[in-house]
$ cat model_13.txt   # compact mmCIF, C-alpha atoms
# COMPACT_ATOMS: atom_id res chain seq x y z
CA MET A 10 0.29 38.49 -15.99
CA PRO A 11 -0.21 36.46 -12.82
CA GLU A 12 2.73 36.13 -10.53
CA VAL A 13 4.21 32.70 -10.09
CA VAL A 14 3.79 31.44 -6.55
CA LEU A 15 7.00 29.66 -5.72
CA GLN A 16 5.80 28.36 -2.34
CA GLU A 17 2.88 26.42 -3.80
CA PRO A 18 4.57 23.00 -3.61
CA ASN A 19 5.23 23.32 0.11
CA ARG A 20 1.61 24.15 0.86
CA ARG A 21 0.55 21.08 -1.07
CA PHE A 22 3.06 19.05 0.86
CA ASN A 23 1.56 20.03 4.18
CA GLU A 24 -2.01 19.35 3.09
CA THR A 25 -1.11 15.98 1.67
CA ARG A 26 0.57 14.91 4.88
CA LYS A 27 -2.67 15.53 6.75
CA ASP A 28 -4.59 13.40 4.29
CA SER A 29 -2.06 10.65 4.47
CA VAL A 30 -2.88 10.01 8.10
CA ALA A 31 -6.31 8.87 6.96
CA TYR A 32 -4.69 6.52 4.44
CA GLY A 33 -2.51 5.11 7.17
CA ASP A 34 -5.47 4.41 9.42
CA LYS A 35 -7.22 2.63 6.59
CA ASP A 36 -4.25 0.40 6.17
CA LEU A 37 -4.46 -0.68 9.77
CA LEU A 38 -8.07 -1.75 9.27
CA ASP A 39 -7.47 -3.40 5.92
CA THR A 40 -8.54 -7.04 5.88
CA PHE A 41 -6.16 -7.87 3.05
CA PRO A 42 -3.83 -10.66 4.20
CA SER A 43 -0.66 -8.75 4.69
CA GLU A 44 2.25 -9.68 6.83
CA GLN A 45 4.67 -7.10 5.62
CA PRO A 46 4.89 -3.36 5.39
CA TYR A 47 4.23 -1.25 2.36
CA HIS A 48 1.29 -3.27 1.10
CA SER A 49 -0.67 -0.15 0.34
CA ALA A 50 1.76 0.35 -2.51
CA TRP A 51 0.20 -2.70 -4.13
CA THR A 52 -3.40 -1.72 -3.70
CA GLY A 53 -3.13 1.25 -5.97
CA ARG A 54 -3.58 3.89 -3.31
CA ILE A 55 -0.41 5.72 -4.13
CA PRO A 56 -1.44 8.61 -6.32
CA LEU A 57 0.26 8.42 -9.67
CA PRO A 58 1.55 11.50 -11.40
CA GLN A 59 -1.09 11.34 -14.11
CA GLN A 60 -3.85 11.25 -11.53
CA PHE A 61 -2.48 14.14 -9.52
CA PRO A 62 -0.27 16.25 -11.74
CA THR A 63 1.42 17.97 -8.86
CA ILE A 64 3.99 17.25 -6.21
CA ILE A 65 2.47 14.79 -3.81
CA TYR A 66 4.11 13.14 -0.86
CA PHE A 67 2.52 10.05 0.57
CA TRP A 68 3.35 8.91 4.04
CA GLY A 69 1.84 5.58 4.88
CA ARG A 70 1.83 3.88 8.23
CA PRO A 71 2.63 0.25 7.51
CA SER A 72 0.16 -2.35 8.73
CA VAL A 73 2.91 -4.12 10.61
CA ASN A 74 5.74 -2.01 11.81
CA PRO A 75 7.30 -2.93 15.11
CA GLU A 76 8.81 0.46 15.61
CA GLY A 77 5.58 2.26 14.80
CA ARG A 78 7.38 4.74 12.64
CA GLU A 79 6.03 6.28 9.51
CA VAL A 80 7.73 5.16 6.35
CA SER A 81 7.85 7.04 3.12
CA ILE A 82 6.64 4.69 0.43
CA SER A 83 6.37 7.12 -2.39
CA GLY A 84 7.32 10.63 -3.12
CA TRP A 85 8.70 12.88 -5.77
CA SER A 86 11.24 15.52 -5.03
CA GLU A 87 10.69 19.05 -6.16
CA LYS A 88 13.26 18.58 -8.90
CA GLU A 89 11.07 15.85 -10.36
CA ASP A 90 7.93 17.91 -10.68
CA PRO A 91 5.97 15.85 -13.23
CA PHE A 92 4.90 18.51 -15.65
CA THR A 93 6.51 17.04 -18.73
CA GLN A 94 5.90 13.70 -20.37
CA THR A 95 9.52 12.76 -19.73
CA ASP A 96 9.16 13.45 -16.02
CA LEU A 97 5.89 11.56 -15.90
CA LEU A 98 7.44 8.53 -17.53
CA GLU A 99 10.47 8.67 -15.28
CA ASN A 100 8.32 8.83 -12.16
CA GLU A 101 6.13 5.94 -13.24
CA GLU A 102 9.18 3.87 -14.16
CA ASN A 103 10.64 4.52 -10.74
CA LEU A 104 7.39 3.44 -9.16
CA VAL A 105 7.44 0.20 -11.15
CA LYS A 106 10.99 -0.53 -10.05
CA LYS A 107 10.16 0.35 -6.46
CA LEU A 108 7.18 -1.99 -6.50
CA ILE A 109 9.31 -4.81 -7.91
CA LEU A 110 11.95 -4.34 -5.23
CA GLN A 111 9.32 -4.29 -2.49
CA ILE A 112 8.58 -7.95 -3.30
CA ARG A 113 11.71 -8.63 -1.24
CA THR A 114 9.67 -7.89 1.89
CA SER A 115 7.02 -10.48 0.98
CA LEU A 116 8.10 -13.42 3.07
CA SER A 117 5.15 -15.48 1.86
CA ILE A 118 6.67 -15.70 -1.62
CA PRO A 119 9.43 -18.31 -1.34
CA TYR A 120 11.04 -17.48 -4.69
CA ARG A 121 10.93 -13.71 -4.23
CA GLU A 122 14.56 -13.07 -5.17
CA ARG A 123 14.25 -15.04 -8.39
CA LEU A 124 10.96 -13.29 -9.09
CA ILE A 125 12.51 -9.85 -8.58
CA ASN A 126 15.37 -10.71 -10.93
CA ARG A 127 12.98 -11.98 -13.56
CA LEU A 128 10.73 -8.93 -13.38
CA LEU A 129 13.69 -6.57 -13.53
CA THR A 130 15.01 -8.43 -16.57
CA LEU A 131 11.64 -8.15 -18.28
CA PHE A 132 11.44 -4.48 -17.33
CA ASN A 133 14.84 -3.87 -18.92
CA ASP A 134 13.93 -5.93 -21.99
CA ALA A 135 10.79 -3.86 -22.49
CA LYS A 136 12.68 -0.58 -22.03
CA GLU A 137 15.35 -1.71 -24.44
CA GLU A 138 12.70 -2.44 -27.04
CA ASP A 139 10.87 0.82 -26.49
CA SER A 140 12.38 3.47 -24.26
CA THR A 141 9.04 5.29 -24.04
CA SER A 142 7.21 2.31 -22.53
CA LEU A 143 6.66 1.90 -18.81
CA GLY A 144 8.58 -1.36 -18.80
CA ILE A 145 5.86 -3.22 -16.96
CA SER A 146 2.27 -2.08 -16.58
CA ILE A 147 1.79 -0.95 -12.97
CA GLY A 148 -1.77 -2.26 -12.74
CA SER A 149 -0.79 -5.66 -14.10
CA LEU A 150 2.18 -5.86 -11.72
CA ARG A 151 0.01 -5.05 -8.71
CA ASN A 152 -2.58 -7.59 -9.83
CA PHE A 153 0.06 -10.30 -10.26
CA TYR A 154 1.70 -9.57 -6.91
CA ASN A 155 -1.60 -9.61 -5.02
CA PHE A 156 -2.46 -12.91 -6.69
CA LEU A 157 0.84 -14.47 -5.59
CA ARG A 158 0.28 -13.34 -2.03
CA LEU A 159 -3.15 -14.95 -2.01
CA HIS A 160 -1.61 -18.25 -3.15
CA PRO A 161 1.80 -18.70 -1.51
CA ASN A 162 2.03 -22.39 -2.38
CA LEU A 163 2.29 -21.87 -6.14
CA LYS A 164 5.35 -23.12 -7.98
CA TYR A 165 7.54 -20.51 -9.63
CA PRO A 166 5.84 -19.74 -12.95
CA ARG A 167 7.11 -19.03 -16.42
CA ILE A 168 6.81 -15.25 -16.84
CA SER A 169 6.79 -13.01 -19.88
CA LEU A 170 5.27 -9.71 -21.00
CA SER A 171 2.64 -8.96 -23.60
CA PRO A 172 3.26 -6.26 -26.23
CA ASP A 173 1.38 -3.88 -23.91
CA CYS A 174 3.73 -4.82 -21.05
CA ASN A 175 1.15 -6.76 -19.06
CA ILE A 176 2.36 -9.81 -17.16
CA TYR A 177 1.68 -13.28 -18.57
CA VAL A 178 2.46 -16.34 -16.45
CA SER A 179 2.17 -20.06 -17.10
CA TRP A 180 2.62 -23.32 -15.32
CA ARG A 181 3.00 -26.10 -17.85
CA ILE A 182 4.00 -29.68 -18.22
CA ASN A 183 4.99 -29.95 -21.88
CA GLN A 184 1.98 -28.94 -23.93
CA ASN A 185 -0.36 -31.36 -22.21
CA HIS A 186 -1.00 -29.44 -19.03
CA VAL A 187 -1.08 -25.68 -19.32
CA PHE A 188 -2.49 -23.11 -16.94
CA SER A 189 -1.81 -19.53 -17.99
CA ILE A 190 -2.91 -16.20 -16.58
CA TYR A 191 -2.77 -12.87 -18.34
CA PHE A 192 -2.86 -10.16 -15.68
CA LEU A 193 -4.73 -7.08 -16.82
CA SER A 194 -4.86 -3.82 -14.92
CA GLU A 195 -7.09 -3.56 -11.87
CA LYS A 196 -8.32 -6.98 -10.74
CA ASP A 197 -9.10 -8.76 -13.99
CA ALA A 198 -7.26 -11.59 -15.65
CA VAL A 199 -7.67 -13.85 -18.65
CA PHE A 200 -6.95 -17.49 -18.00
CA VAL A 201 -6.40 -20.55 -20.16
CA VAL A 202 -6.47 -24.19 -19.09
CA LEU A 203 -5.33 -26.95 -21.44
CA LYS A 204 -5.26 -30.51 -20.15
CA PRO A 205 -5.84 -34.04 -21.42
CA ASN A 206 -9.36 -35.37 -21.45
CA GLU A 207 -8.91 -38.53 -19.40
CA ALA A 208 -12.13 -40.06 -20.69
CA HIS A 209 -11.04 -39.49 -24.30
CA PRO A 210 -7.24 -39.62 -24.58
CA ASP A 211 -7.30 -38.29 -28.16
CA ARG A 212 -9.01 -35.11 -27.00
CA GLN A 213 -7.95 -32.14 -24.93
CA ILE A 214 -9.94 -30.06 -22.46
CA ARG A 215 -9.61 -26.37 -23.31
CA VAL A 216 -11.10 -23.66 -21.12
CA SER A 217 -10.58 -19.92 -21.09
CA GLY A 218 -12.26 -16.88 -19.64
CA THR A 219 -11.96 -13.51 -18.00
CA ILE A 220 -12.35 -13.29 -14.26
CA THR A 221 -11.21 -11.31 -11.24
CA THR A 222 -8.04 -12.74 -9.76
CA ASP A 223 -9.46 -13.09 -6.23
CA ILE A 224 -11.80 -15.92 -7.30
CA LEU A 225 -9.77 -17.27 -10.20
CA MET A 226 -8.29 -20.30 -8.43
CA GLU A 227 -11.63 -21.24 -6.95
CA LYS A 228 -13.15 -21.29 -10.43
CA VAL A 229 -10.38 -23.28 -12.12
CA ALA A 230 -9.90 -25.78 -9.26
CA PRO A 231 -12.40 -28.25 -10.78
CA TYR A 232 -10.02 -28.63 -13.74
CA GLY A 233 -7.32 -29.99 -11.45
CA VAL A 234 -4.78 -27.25 -12.12
CA TRP A 235 -3.48 -27.45 -8.54
CA ASP A 236 -1.98 -30.82 -9.47
CA TRP A 237 0.70 -29.21 -11.58
CA ILE A 238 0.99 -25.64 -10.30
CA SER A 239 1.41 -26.08 -6.55
CA GLU A 240 4.32 -27.24 -4.42
CA MET B 20 -0.21 -7.91 -54.04
CA LYS B 21 -1.77 -6.01 -51.17
CA GLY B 22 -4.82 -7.77 -49.78
CA ASP B 23 -3.92 -11.19 -51.19
CA ARG B 24 -4.32 -14.20 -48.93
CA VAL B 25 -1.04 -15.88 -48.04
CA PRO B 26 -1.26 -19.45 -49.43
CA ASN B 27 -1.70 -22.29 -46.94
CA GLU B 28 1.45 -24.07 -48.10
CA ASP B 29 3.61 -20.99 -47.49
CA HIS B 30 5.33 -19.81 -44.34
CA ILE B 31 5.34 -16.74 -42.16
CA SER B 32 7.92 -15.42 -39.71
CA ARG B 33 7.20 -13.54 -36.51
CA LEU B 34 9.66 -11.42 -34.55
CA CYS B 35 9.47 -12.37 -30.86
CA GLN B 36 10.97 -9.64 -28.71
CA PRO B 37 12.95 -10.52 -25.55
CA LYS B 38 10.08 -9.71 -23.23
CA SER B 39 8.15 -12.62 -24.79
CA ILE B 40 11.09 -15.03 -24.37
CA THR B 41 11.18 -17.20 -21.26
CA GLU B 42 14.12 -17.63 -18.87
CA GLU B 43 14.88 -20.88 -20.67
CA GLY B 44 15.11 -19.02 -23.97
CA GLU B 45 11.81 -20.33 -25.32
CA ILE B 46 9.18 -18.29 -27.09
CA ASP B 47 6.09 -17.72 -24.94
CA ALA B 48 2.48 -17.39 -26.06
CA SER B 49 2.63 -13.66 -25.33
CA ALA B 50 4.62 -13.32 -28.57
CA PHE B 51 1.31 -13.83 -30.38
CA PHE B 52 -0.73 -11.31 -28.42
CA LEU B 53 -2.08 -8.23 -30.14
CA ARG B 54 -1.50 -4.79 -28.71
CA ASP B 55 -4.67 -3.09 -27.51
CA ASN B 56 -4.77 -0.90 -30.59
CA GLU B 57 -3.86 -3.60 -33.14
CA GLU B 58 -6.23 -5.53 -35.34
CA GLY B 59 -3.72 -7.77 -37.05
CA LEU B 60 -0.57 -9.53 -35.86
CA SER B 61 2.45 -8.45 -37.91
CA VAL B 62 4.32 -11.23 -39.69
CA ASN B 63 6.39 -11.66 -42.84
CA TRP B 64 5.55 -13.91 -45.77
CA LEU B 65 8.78 -15.79 -46.41
CA GLU B 66 8.09 -17.11 -49.91
CA CYS B 67 7.36 -13.56 -51.01
CA LEU B 68 11.04 -12.73 -50.47
CA GLY B 69 12.01 -14.89 -53.46
CA CYS B 70 14.98 -16.51 -51.72
CA SER B 71 16.19 -19.97 -52.67
CA ASN B 72 16.29 -21.51 -49.19
CA ARG B 73 15.35 -20.94 -45.58
CA GLU B 74 18.78 -19.67 -44.56
CA GLU B 75 18.60 -16.88 -47.13
CA GLU B 76 15.05 -16.08 -46.05
CA ILE B 77 16.06 -15.78 -42.42
CA ASN B 78 19.04 -13.61 -43.26
CA ALA B 79 16.83 -11.32 -45.32
CA ILE B 80 14.32 -11.13 -42.45
CA ARG B 81 17.10 -10.39 -39.95
CA ASP B 82 18.34 -7.54 -42.13
CA LEU B 83 14.82 -6.21 -42.42
CA TYR B 84 14.08 -6.34 -38.69
CA ASN B 85 17.36 -4.70 -37.81
CA GLU B 86 16.59 -1.88 -40.21
CA LYS B 87 12.92 -1.57 -39.35
CA PHE B 88 13.03 -1.69 -35.56
CA SER B 89 15.03 0.73 -33.49
CA ARG B 90 16.31 -2.07 -31.35
CA VAL B 91 16.24 -5.83 -31.81
CA GLY B 92 17.33 -7.31 -28.50
CA ALA B 93 20.06 -9.93 -28.25
CA LYS B 94 17.54 -12.45 -26.95
CA ALA B 95 14.94 -11.70 -29.65
CA LYS B 96 13.94 -14.62 -31.82
CA ILE B 97 12.29 -15.29 -35.12
CA THR B 98 9.82 -18.13 -35.36
CA VAL B 99 8.68 -19.66 -38.64
CA LEU B 100 5.20 -21.12 -38.97
CA ASN B 101 3.33 -22.82 -41.76
CA VAL B 102 0.20 -20.88 -42.66
CA GLY B 103 -2.01 -23.91 -43.27
CA ALA B 104 -0.93 -25.62 -40.05
CA VAL B 105 -1.75 -22.56 -37.95
CA GLN B 106 -5.05 -22.04 -39.69
CA GLU B 107 -6.12 -25.65 -39.27
CA LYS B 108 -4.99 -25.89 -35.66
CA VAL B 109 -6.92 -22.79 -34.64
CA LEU B 110 -9.95 -23.76 -36.70
CA MET B 111 -10.13 -27.22 -35.12
CA GLU B 112 -9.18 -26.35 -31.54
CA SER B 113 -10.32 -22.81 -30.77
CA LEU B 114 -13.47 -22.47 -28.74
CA ASN B 115 -15.55 -21.16 -31.64
CA ARG B 116 -13.73 -22.69 -34.63
CA ARG B 117 -11.95 -19.46 -35.47
CA ASN B 118 -10.96 -18.96 -39.08
CA LEU B 119 -7.74 -16.93 -39.07
CA GLU B 120 -6.94 -14.84 -42.13
CA PHE B 121 -3.39 -14.34 -43.37
CA VAL B 122 -3.31 -11.22 -45.48
CA HIS B 123 -0.44 -9.75 -47.49
CA GLU B 124 0.03 -6.10 -46.49
CA PRO B 125 3.29 -4.76 -47.92
CA GLU B 126 4.57 -1.57 -46.31
CA ASP B 127 6.50 1.29 -47.89
CA SER B 128 7.48 3.19 -44.77
CA PRO B 129 9.31 3.74 -42.55
CA VAL B 130 11.29 0.98 -44.25
CA PRO B 131 10.18 -0.85 -47.41
CA ASP B 132 8.79 -4.18 -46.24
CA PRO B 133 7.29 -5.94 -49.28
CA SER B 134 6.70 -9.24 -47.48
CA HIS B 135 4.83 -7.71 -44.56
CA SER B 136 1.60 -9.51 -43.78
CA ALA B 137 -0.85 -9.75 -40.92
CA ILE B 138 -2.93 -12.38 -39.18
CA TYR B 139 -6.53 -11.32 -38.54
CA ASN B 140 -9.38 -12.70 -36.41
CA LEU B 141 -7.21 -13.28 -33.38
CA ARG B 142 -9.77 -11.56 -31.18
CA PRO B 143 -11.61 -12.39 -29.03
CA ASP B 144 -9.86 -15.18 -27.11
CA ASN B 145 -6.46 -13.95 -28.24
CA VAL B 146 -4.82 -15.65 -25.25
CA MET B 147 -6.25 -19.10 -26.06
CA ILE B 148 -5.40 -18.72 -29.76
CA ALA B 149 -1.87 -17.63 -28.87
CA GLU B 150 -1.47 -20.78 -26.76
CA LEU B 151 -2.64 -22.89 -29.72
CA ILE B 152 -0.19 -21.18 -32.07
CA LEU B 153 2.60 -21.68 -29.54
CA GLN B 154 2.05 -25.43 -29.77
CA LEU B 155 3.15 -25.25 -33.42
CA VAL B 156 6.38 -23.38 -32.75
CA ASN B 157 9.29 -25.65 -33.55
CA GLU B 158 11.45 -23.60 -35.90
CA THR B 159 13.18 -20.65 -34.27
CA TYR B 160 16.21 -18.48 -35.02
CA LEU B 161 18.00 -15.69 -33.23
CA ALA B 162 16.81 -12.38 -34.63
CA ARG B 163 20.28 -10.87 -34.57
CA LYS B 164 23.01 -12.06 -36.90

$ encode --input "model_13.txt" --output "C-alpha cells"
Amino acid sequence: MPEVVLQEPNRRFNETRKDSVAYGDKDLLDTFPSEQPYHSAWTGRIPLPQQFPTIIYFWGRPSVNPEGREVSISGWSEKEDPFTQTDLLENEENLVKKLILQIRTSLSIPYRERLINRLLTLFNDAKEEDSTSLGISIGSLRNFYNFLRLHPNLKYPRISLSPDCNIYVSWRINQNHVFSIYFLSEKDAVFVVLKPNEAHPDRQIRVSGTITTDILMEKVAPYGVWDWISE
Amino acid sequence: MKGDRVPNEDHISRLCQPKSITEEGEIDASAFFLRDNEEGLSVNWLECLGCSNREEEINAIRDLYNEKFSRVGAKAKITVLNVGAVQEKVLMESLNRRNLEFVHEPEDSPVPDPSHSAIYNLRPDNVMIAELILQLVNETYLARK
C-alpha cells in the first residue's frame, strides 16, 4: 500500500507561487479598463476547486497598487482541502461572497454599496431555498460585474436571480420601456428590449437575442435604450 | 387526468421564490425562467383543487407548497394567471407566435400534488416569453400563511 505523503500540499504551494508571478505580470499588461486592484478575480483566472482539485494558493499582483505589495486574492487553507463535495461547495460559496464584497473597491460603480447588499440578499435567498446551490453563479456574477464596469453611467437596475442562480437585471419604465439582460456564464447574455413603436402607438417593438456583453450596448443602442437606463 | 390540457378559462398558480422577487417586493420575469434541465414550468391548476373560492384555493396551495418544498421563504409569492390570457398574449406577441401548452401532470411523490401542471414550449426565447407573462401578473399572494 503506498505511503501517504504528508508534505505534498507544501510542494504544490511553492510551485504555484512561482506560476502566480506570471499571472501577476499578465495583469499589469491587461488592457481591461481597471482602476482598482483585484480585477483578475473577475476575469476568471482564479483556479476554482473543481478545475484544480488540490490546494492552490494564488498570489496576484494588482494592476494598481501604490505600495507594490502582493495581495492574496484567493486561497484555501489546508484545513479546507476540497476533496469532498461539501468542501467544494463551501469554497465556491466563499469565492462568490468574496467577489461580491470586492465590488466595494470598484469606484466606477456609484451604487456599489447598494449593489453589494442586493447581491448578498439574493445570495442568502438562494441558499435559503436550496442549501446545496452556489447562491449565485460565479460566471454570471463575473459577467455582470464586468458589464457594469464597462458602463459606469447606468442607473441602478432591478436585479433578481434565475432558478439556476444566474443574474437577471432590468431597467424599466412601467411595462412600456423594458431593457433586460440575463447574464450567462462566460461572456454571453440574453437581452430583451420592449418599447413603444412611435410610428404605430398601438404596437410595441420587441427585440431579443443572445450576444456577448462587450458589444451588447453597441447593438441595442439603435433602440434608444440609453434614454431610460442611463443617468 | 394526466396529460389533459388545462382549459383556457381556468387559472394556474406559480410559486415565485424570493430570489425572483425584486427589492420593491414585485415578481420579476426570472420567476418564469426554466432551469437548464427543465422542459416545463411547474404550476398548479387551481380549479382542479375543487375549492369554492380563490381564498380557499390559495390556502390549499400554501399548504401544499409548505409541505412540498423544504423551505418557502418569507418573501416568496404566489401569482395567479389565467391560462387563456397567457396563451393569447404569448401567441400574439412572441417573436414566432409561440403556442404554449398547459398540461395537467399530477404528482404522487414526494408529496401528493394532484393539481400539478406544467407549461411547455417556453423555449427558445424563454426570457422574452417570461417578460410577456410578467406583463399579465396582477394577482399575487404571499406564499407563507

$ interface_residues --input "model_13.txt" --of "chain A" --to "chain B" --cutoff "6 Å" --atoms "only C-alpha atoms" --output "PyMOL selection string"
chain A and resi 131+134-135+138+169-173

$ closest_residue --input "model_13.txt" --among "B:Leu83, B:Ala104, B:Val156, B:Leu161" --to "Pro129 of chain B" --atoms "all atoms listed in the file"
B:Leu83

$ atom_distance --input "model_13.txt" --atom1 "atom CA of Leu163 of chain A" --atom2 "atom CA of Trp235 of chain A"
8.4 Å

$ residues_near_point --input "model_13.txt" --point "(2.2, -6.2, -44.7)" --cutoff "9 Å" --atoms "only C-alpha atoms" --output "JSON, numbers by chain"
{"B": [21, 22, 61, 62, 63, 64, 122, 123, 124, 125, 126, 132, 133, 134, 135, 136, 137]}

$ residues_around --input "model_13.txt" --residues "segment 77-82 of chain B" --least-positions-apart "6" --cutoff "10 Å" --atoms "all atoms listed in the file" --output "ChimeraX atom specification"
/B:32-34,63-65,68,70,91,96-99,132,134,159-164

$ residues_near_point --input "model_13.txt" --point "(-12.0, -14.2, -24.9)" --cutoff "12 Å" --atoms "only C-alpha atoms" --output "list in words"
Tyr191, Ala198, Val199, Phe200, Val201, Val216, Ser217, Gly218, Thr219 and Ile220 of chain A; Ser113, Leu114, Asn115, Arg117, Asn140, Leu141, Arg142, Pro143, Asp144, Asn145, Val146, Met147, Ile148 and Ala149 of chain B

$ write_last_selection --input "model_13.txt" --atoms "C-alpha atoms" --output "PDB file, keeping the file's coordinate frame"
ATOM      1  CA  TYR A 191      -2.770 -12.870 -18.340  1.00  0.00           C
ATOM      2  CA  ALA A 198      -7.260 -11.590 -15.650  1.00  0.00           C
ATOM      3  CA  VAL A 199      -7.670 -13.850 -18.650  1.00  0.00           C
ATOM      4  CA  PHE A 200      -6.950 -17.490 -18.000  1.00  0.00           C
ATOM      5  CA  VAL A 201      -6.400 -20.550 -20.160  1.00  0.00           C
ATOM      6  CA  VAL A 216     -11.100 -23.660 -21.120  1.00  0.00           C
ATOM      7  CA  SER A 217     -10.580 -19.920 -21.090  1.00  0.00           C
ATOM      8  CA  GLY A 218     -12.260 -16.880 -19.640  1.00  0.00           C
ATOM      9  CA  THR A 219     -11.960 -13.510 -18.000  1.00  0.00           C
ATOM     10  CA  ILE A 220     -12.350 -13.290 -14.260  1.00  0.00           C
TER      11      ILE A 220
ATOM     12  CA  SER B 113     -10.320 -22.810 -30.770  1.00  0.00           C
ATOM     13  CA  LEU B 114     -13.470 -22.470 -28.740  1.00  0.00           C
ATOM     14  CA  ASN B 115     -15.550 -21.160 -31.640  1.00  0.00           C
ATOM     15  CA  ARG B 117     -11.950 -19.460 -35.470  1.00  0.00           C
ATOM     16  CA  ASN B 140      -9.380 -12.700 -36.410  1.00  0.00           C
ATOM     17  CA  LEU B 141      -7.210 -13.280 -33.380  1.00  0.00           C
ATOM     18  CA  ARG B 142      -9.770 -11.560 -31.180  1.00  0.00           C
ATOM     19  CA  PRO B 143     -11.610 -12.390 -29.030  1.00  0.00           C
ATOM     20  CA  ASP B 144      -9.860 -15.180 -27.110  1.00  0.00           C
ATOM     21  CA  ASN B 145      -6.460 -13.950 -28.240  1.00  0.00           C
ATOM     22  CA  VAL B 146      -4.820 -15.650 -25.250  1.00  0.00           C
ATOM     23  CA  MET B 147      -6.250 -19.100 -26.060  1.00  0.00           C
ATOM     24  CA  ILE B 148      -5.400 -18.720 -29.760  1.00  0.00           C
ATOM     25  CA  ALA B 149      -1.870 -17.630 -28.870  1.00  0.00           C
TER      26      ALA B 149
END

$ closest_residue --input "model_13.txt" --among "A:Leu225, A:Ile214, A:Ala208, A:Cys174" --to "Lys136 of chain A" --atoms "all atoms listed in the file"
A:Cys174

$ atom_distance --input "model_13.txt" --atom1 "atom CA of Ile176 of chain A" --atom2 "atom CA of Phe132 of chain A"
10.5 Å

$ atom_distance --input "model_13.txt" --atom1 "atom CA of Ala230 of chain A" --atom2 "atom CA of Arg151 of chain A"
23.0 Å

$ closest_residue --input "model_13.txt" --among "B:Tyr84, B:Glu66, B:Val25, B:His30" --to "Pro131 of chain B" --atoms "only C-alpha atoms"
B:Tyr84

$ closest_residue --input "model_13.txt" --among "A:Ser239, A:Leu143, A:Tyr154, A:Glu137" --to "Ser115 of chain A" --atoms "all atoms listed in the file"
A:Tyr154

$ residues_around --input "model_13.txt" --residues "segment 160-162 of chain A" --least-positions-apart "6" --cutoff "8 Å" --atoms "only C-alpha atoms" --output "number ranges by chain"
A: 117-119, 239-240
